[in-house]
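Here's the structure we're looking at; comments come further down.
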Amino acid sequence: MAKIREKLTHTQIIAIGFIVVIVIGALLLSLPVSSRSGEWTNIFDSLFTSVSATCVTGLVVFDTYTHWSVFGQTVILVLIQIGGLGFMSVITMFFIFMKKQISLNERKLLMQSAGTMQIGGVVRLIRSIVIGTLAVEAAGAVILSFRFVPRMGFWEGIGNAVFHSVSAFCNAGFDLMGKYGQYSSMTSFADDPVVVITLALLIIIGGMGFLVWKDLIRCRFRISSCELHTKIVLATACFLVVVGTGLMLLFEYSSTAMAGMNFWEKLYNAFFAAVTPRTAGFNTIDTAGMSESGAVLTILYMFIGGSSGSTAGGVKTTTIAVLFFAAVSCTRRNRSVTVFRRRIEDDIIRQACSIALIYISAAFVCTMAICAMEPLTMKQALYEVVSALGTVGLSLGITPTLCAASRIILMLLMFAGRIGGLSFILFLAEKRSHPPIDRPVGKVLIG
């Protein structure tokens, strides 16, 4: 076992760990105790649900409330928490609890799992991540319980508050609102600003990334003293939320999705619609009733996703920001890319280009494949594909109707989106040593 582990890269170990968690989750969900009917659940459908929960996506083939029992819902919640924190973080906390020493190689693995750039203090960082996550989720659950308990009763209200707080913070998008209508998500609370705004804030906090919050606390929230990564994340996130809210309000103001709402309800639901595609998967308005412009904007936001090192998926806001600034620098014929008086390394720009190209290629290839197998429009297929790849979970309601081959494509996309597109390629790629040879320079015309 030790020899096999030595041959695997850290990326491969992390990916295999997620696969093990997914398989265990699928087996548990297939048991009769996991379904409300007390019958066995098809292993393929259980696998799809387990992949979606572990990869914190939210695409489902069954309504979570009506199909799964309390045990099954608990399994899904545990998978979401493990997927959000990362299974290495959970194992580390177990080792800390058992007072087991963590080796240098394990610390390197933790460094990659947590998305940090320094090996020093990585165990303390993991401990802070777990404690901070539980604290924020508990605070969110307390606030939500004040709205859920009067409507659902004490124990059911508390259970729903905990489930939705964890699901929102981990950007998972699973919900238990099927009692008000199957696959209705949070539409029954669209007129409750406390629920809508609380969920939106949990999504934003989880999607910022653990390193960003650590840096903000270290600098006592003085943004001028923060690292470049933190500044880019905050600037990009604020821009996307403000612009997205304005555009959603403009596009959906007279649409059927917001019919019957007053101005303030439309405003905070537009805010939620700008937040949830990055990459939570809840919806307070009917996604099928959205305008074409609103659907396109949602697809774009699902593609972008949240911040690196967070519970969110997508190509990440930092990747988009680096590409944007690189394009601006190129048009100005600058020799280097400078952001907030700091130069971005060429390797980072190349990685950003690679990630964007991988995600775009995967989205279009898989959209074509699903369109070839299903009687769907390109918009419907692209919406589901980008939702899976960005680990979002928003759907136009067609996921349960897809054939087995299309669901396999979505599962692979969810898995790739959770561990990262570039990491997924590295996981599949064979390790090769490249000789240090510089080839002759060739000229290529671009643009």
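Residues are named by chain letter and number: chains run A, B, ... in the order of the structure tokens, numbers start at 1 in each chain, and ligands are numbered from 1 in the order shown.
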Quiz item: Contacts of Ser165 in chain A at 8 Å or less, counting only C-alpha atoms, minus same-chain residues fewer than 5 places along, as a VMD selection string?
Solution: chain A and resid 137 to 138 140 to 141 144 199 202
Quiz item: Rounded to one decimal in Å, what is the spacing between CA of Thr230 in chain A and CA of Cys330 in chain A?
Solution: 23.8 Å
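Proximity of A:Ala288, A:Leu402, A:Ala356, A:Leu240 to Glu374 in chain A, computed with only C-alpha atoms, is greatest for A:Leu402.
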Using only C-alpha atoms, find each residue of range 349-375 of chain A with at least one atom at most 10 Å away from an atom of range 289-304 of chain A; report its shortest atom-to-atom pair and that distance in Å (one decimal), sort the rows by chain and rising residue number, and return the result as JSON lines.
{"residue": "A:Ala356", "atom": "CA", "partner": "A:Ile304", "partner_atom": "CA", "distance": 9.4}
{"residue": "A:Tyr359", "atom": "CA", "partner": "A:Phe303", "partner_atom": "CA", "distance": 8.1}
{"residue": "A:Ile360", "atom": "CA", "partner": "A:Phe303", "partner_atom": "CA", "distance": 8.7}
{"residue": "A:Ala363", "atom": "CA", "partner": "A:Phe303", "partner_atom": "CA", "distance": 9.2}
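Distance check against Ser34 in chain A using only C-alpha atoms: of A:Tyr65, A:Phe174, A:Phe71, A:Phe239, the minimum falls on A:Phe71.
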Exercise. Enumerate the residues of range 288-385 of chain A with a DSSP assignment of alpha helix (DSSP H), computed from the backbone, and present them as a count of residues only.
Key: 64
Practice problem: Can you work out which one of A:Asp191, A:Arg147, A:Gly244, A:Leu85 has the shortest atom-to-atom distance to Gly206 in chain A, counting only C-alpha atoms? | Solution: A:Leu85
Quiz item: Which neighbours of Gln182 in chain A fall inside 9 Å, counting only C-alpha atoms, when residues of the same chain fewer than 3 positions from it are skipped, and could you give them as a VMD selection string?
Solution: chain A and resid 62 to 66 177 to 179 185
